[in-house]
Amino acid sequence: MTGNGRQQGRRLEQAILELLDGRAPTATICPSDAARAVYDGDDDGWRALMEPVRRAARRLVAAGEVEVTQGGRPVDPDAARGPIRIRRLR
C-alpha cells in the first residue's frame, strides 16, 4: 500500500469508528456512510471509496474493533458478497 493509500485507509478507519461512536452501541452503519464522510466532493465520487471502506472494515474486524454483518448476523468480511453493515463488536 502506498503512503497515500495508507493515509486514506486510516481516514476511512477513523470515519467508521467516529460514525459508530455517534450512534447507539448496537447501531450499524453502511460502508457508504464512511465513504461519503471522507469524500471531499459533492458528486458521486465517493463510490470509488466503497472497496477501500470494505478493506478498512476488514482491518478493524481483525483489530477486534468492529464486526461486519449481513441480515443482522455477523459474517466473515472476506466471504461477504453484496451489501454489508458495520457495527461495534459486541
# chains A, B, ... in the order shown; residues from 1 in each chain; ligands from 1
call {"tool": "select_by_dssp", "arguments": {"residues": "region 4-90 of chain A", "states": "alpha helix (DSSP H)", "output": "number ranges by chain"}}
result
A: 4-21, 31-38, 50-62
call {"tool": "write_last_selection", "arguments": {"atoms": "N, CA, C and O atoms", "output": "compact mmCIF listing (two decimals), in the first residue's frame"}}
result
# COMPACT_ATOMS: atom_id res chain seq x y z
N ASN A 4 -0.04 7.29 0.35
CA ASN A 4 -1.37 7.87 0.18
C ASN A 4 -2.47 6.88 0.50
O ASN A 4 -3.48 7.22 1.09
N GLY A 5 -2.28 5.64 0.07
CA GLY A 5 -3.26 4.59 0.35
C GLY A 5 -3.40 4.31 1.83
O GLY A 5 -4.49 4.12 2.34
N ARG A 6 -2.25 4.29 2.53
CA ARG A 6 -2.28 4.09 3.98
C ARG A 6 -2.99 5.24 4.67
O ARG A 6 -3.78 5.03 5.59
N GLN A 7 -2.70 6.46 4.23
CA GLN A 7 -3.34 7.63 4.83
C GLN A 7 -4.85 7.58 4.61
O GLN A 7 -5.62 7.82 5.52
N GLN A 8 -5.26 7.26 3.39
CA GLN A 8 -6.69 7.15 3.10
C GLN A 8 -7.32 6.03 3.94
O GLN A 8 -8.41 6.20 4.49
N GLY A 9 -6.61 4.90 4.05
CA GLY A 9 -7.12 3.79 4.85
C GLY A 9 -7.33 4.19 6.30
O GLY A 9 -8.35 3.84 6.91
N ARG A 10 -6.38 4.94 6.86
CA ARG A 10 -6.53 5.40 8.25
C ARG A 10 -7.70 6.36 8.37
O ARG A 10 -8.45 6.31 9.36
N ARG A 11 -7.87 7.25 7.38
CA ARG A 11 -9.01 8.18 7.42
C ARG A 11 -10.33 7.42 7.36
O ARG A 11 -11.29 7.77 8.05
N LEU A 12 -10.38 6.38 6.54
CA LEU A 12 -11.60 5.59 6.44
C LEU A 12 -11.87 4.83 7.73
O LEU A 12 -13.01 4.78 8.21
N GLU A 13 -10.83 4.25 8.32
CA GLU A 13 -11.00 3.55 9.60
C GLU A 13 -11.51 4.52 10.66
O GLU A 13 -12.44 4.21 11.42
N GLN A 14 -10.91 5.72 10.71
CA GLN A 14 -11.33 6.72 11.68
C GLN A 14 -12.78 7.14 11.43
O GLN A 14 -13.55 7.29 12.37
N ALA A 15 -13.17 7.30 10.16
CA ALA A 15 -14.54 7.68 9.84
C ALA A 15 -15.52 6.61 10.31
O ALA A 15 -16.57 6.92 10.88
N ILE A 16 -15.18 5.34 10.08
CA ILE A 16 -16.05 4.25 10.53
C ILE A 16 -16.25 4.33 12.04
O ILE A 16 -17.38 4.31 12.53
N LEU A 17 -15.15 4.46 12.78
CA LEU A 17 -15.24 4.48 14.24
C LEU A 17 -15.98 5.72 14.75
O LEU A 17 -16.78 5.63 15.68
N GLU A 18 -15.72 6.86 14.14
CA GLU A 18 -16.41 8.09 14.56
C GLU A 18 -17.91 8.01 14.28
O GLU A 18 -18.72 8.45 15.10
N LEU A 19 -18.27 7.48 13.13
CA LEU A 19 -19.70 7.33 12.82
C LEU A 19 -20.37 6.40 13.82
O LEU A 19 -21.48 6.67 14.29
N LEU A 20 -19.70 5.30 14.16
CA LEU A 20 -20.27 4.37 15.13
C LEU A 20 -20.34 4.99 16.52
O LEU A 20 -21.29 4.74 17.26
N ASP A 21 -19.35 5.81 16.87
CA ASP A 21 -19.36 6.48 18.19
C ASP A 21 -20.57 7.40 18.32
O ASP A 21 -21.05 7.63 19.43
N PRO A 31 -21.25 1.01 4.68
CA PRO A 31 -19.94 1.49 4.22
C PRO A 31 -20.03 2.81 3.46
O PRO A 31 -19.10 3.62 3.52
N SER A 32 -21.14 3.05 2.77
CA SER A 32 -21.28 4.30 2.03
C SER A 32 -21.28 5.51 2.96
O SER A 32 -20.88 6.60 2.55
N ASP A 33 -21.72 5.34 4.22
CA ASP A 33 -21.69 6.45 5.17
C ASP A 33 -20.24 6.91 5.38
O ASP A 33 -19.97 8.11 5.42
N ALA A 34 -19.33 5.96 5.54
CA ALA A 34 -17.92 6.30 5.74
C ALA A 34 -17.32 6.89 4.46
O ALA A 34 -16.56 7.85 4.51
N ALA A 35 -17.68 6.31 3.31
CA ALA A 35 -17.16 6.82 2.04
C ALA A 35 -17.59 8.27 1.84
O ALA A 35 -16.78 9.12 1.45
N ARG A 36 -18.84 8.56 2.13
CA ARG A 36 -19.35 9.94 1.97
C ARG A 36 -18.68 10.88 2.96
O ARG A 36 -18.44 12.05 2.65
N ALA A 37 -18.41 10.39 4.17
CA ALA A 37 -17.79 11.24 5.20
C ALA A 37 -16.37 11.64 4.81
O ALA A 37 -15.93 12.73 5.15
N VAL A 38 -15.67 10.77 4.10
CA VAL A 38 -14.28 11.04 3.74
C VAL A 38 -14.15 11.77 2.41
O VAL A 38 -13.25 12.57 2.22
N MET A 50 -15.79 2.80 -2.01
CA MET A 50 -16.53 1.68 -1.40
C MET A 50 -15.63 0.48 -1.11
O MET A 50 -15.69 -0.08 -0.02
N GLU A 51 -14.80 0.08 -2.06
CA GLU A 51 -13.91 -1.07 -1.78
C GLU A 51 -12.86 -0.70 -0.74
O GLU A 51 -12.61 -1.50 0.17
N PRO A 52 -12.25 0.50 -0.80
CA PRO A 52 -11.34 0.87 0.30
C PRO A 52 -12.03 0.88 1.67
O PRO A 52 -11.41 0.51 2.67
N VAL A 53 -13.31 1.26 1.74
CA VAL A 53 -14.03 1.22 3.02
C VAL A 53 -14.18 -0.23 3.48
O VAL A 53 -13.98 -0.54 4.66
N ARG A 54 -14.51 -1.12 2.55
CA ARG A 54 -14.64 -2.53 2.93
C ARG A 54 -13.29 -3.07 3.45
O ARG A 54 -13.26 -3.82 4.42
N ARG A 55 -12.20 -2.66 2.80
CA ARG A 55 -10.87 -3.08 3.28
C ARG A 55 -10.60 -2.52 4.68
O ARG A 55 -10.07 -3.21 5.56
N ALA A 56 -10.97 -1.24 4.91
CA ALA A 56 -10.79 -0.62 6.23
C ALA A 56 -11.61 -1.37 7.27
O ALA A 56 -11.13 -1.62 8.39
N ALA A 57 -12.82 -1.76 6.92
CA ALA A 57 -13.66 -2.51 7.84
C ALA A 57 -13.02 -3.86 8.17
O ALA A 57 -13.04 -4.29 9.33
N ARG A 58 -12.44 -4.52 7.16
CA ARG A 58 -11.77 -5.81 7.42
C ARG A 58 -10.60 -5.63 8.39
O ARG A 58 -10.40 -6.47 9.27
N ARG A 59 -9.85 -4.54 8.24
CA ARG A 59 -8.75 -4.28 9.18
C ARG A 59 -9.28 -4.06 10.59
O ARG A 59 -8.70 -4.53 11.57
N LEU A 60 -10.39 -3.34 10.71
CA LEU A 60 -10.98 -3.09 12.03
C LEU A 60 -11.56 -4.37 12.63
O LEU A 60 -11.54 -4.54 13.85
N VAL A 61 -12.07 -5.26 11.79
CA VAL A 61 -12.52 -6.58 12.28
C VAL A 61 -11.32 -7.33 12.84
O VAL A 61 -11.37 -7.88 13.94
N ALA A 62 -10.21 -7.35 12.09
CA ALA A 62 -9.00 -8.06 12.53
C ALA A 62 -8.47 -7.48 13.84
O ALA A 62 -7.90 -8.20 14.66
call {"tool": "select_by_dssp", "arguments": {"residues": "chain A", "states": "strand (DSSP E or B)", "output": "JSON, numbers by chain"}}
result
{"A": [28, 29, 66, 67, 68, 69, 70, 73, 74, 75, 85, 86, 87, 88]}
call {"tool": "residues_around", "arguments": {"residues": "Pro74 (chain A)", "least_positions_apart": "3", "cutoff": "12 Å", "atoms": "only C-alpha atoms", "output": "list in words"}}
result
Thr28, Val61, Val66, Glu67, Val68, Thr69, Gln70, Gly71, Pro77, Asp78, Ala79, Ala80, Ile84, Arg85, Ile86, Arg87, Arg88, Leu89 and Arg90 of chain A
call {"tool": "atom_distance", "arguments": {"atom1": "CA of Asp42 (chain A)", "atom2": "CA of Gly3 (chain A)"}}
result
25.1 Å
call {"tool": "atom_distance", "arguments": {"atom1": "CA of Ala27 (chain A)", "atom2": "CA of Ala48 (chain A)"}}
result
24.7 Å
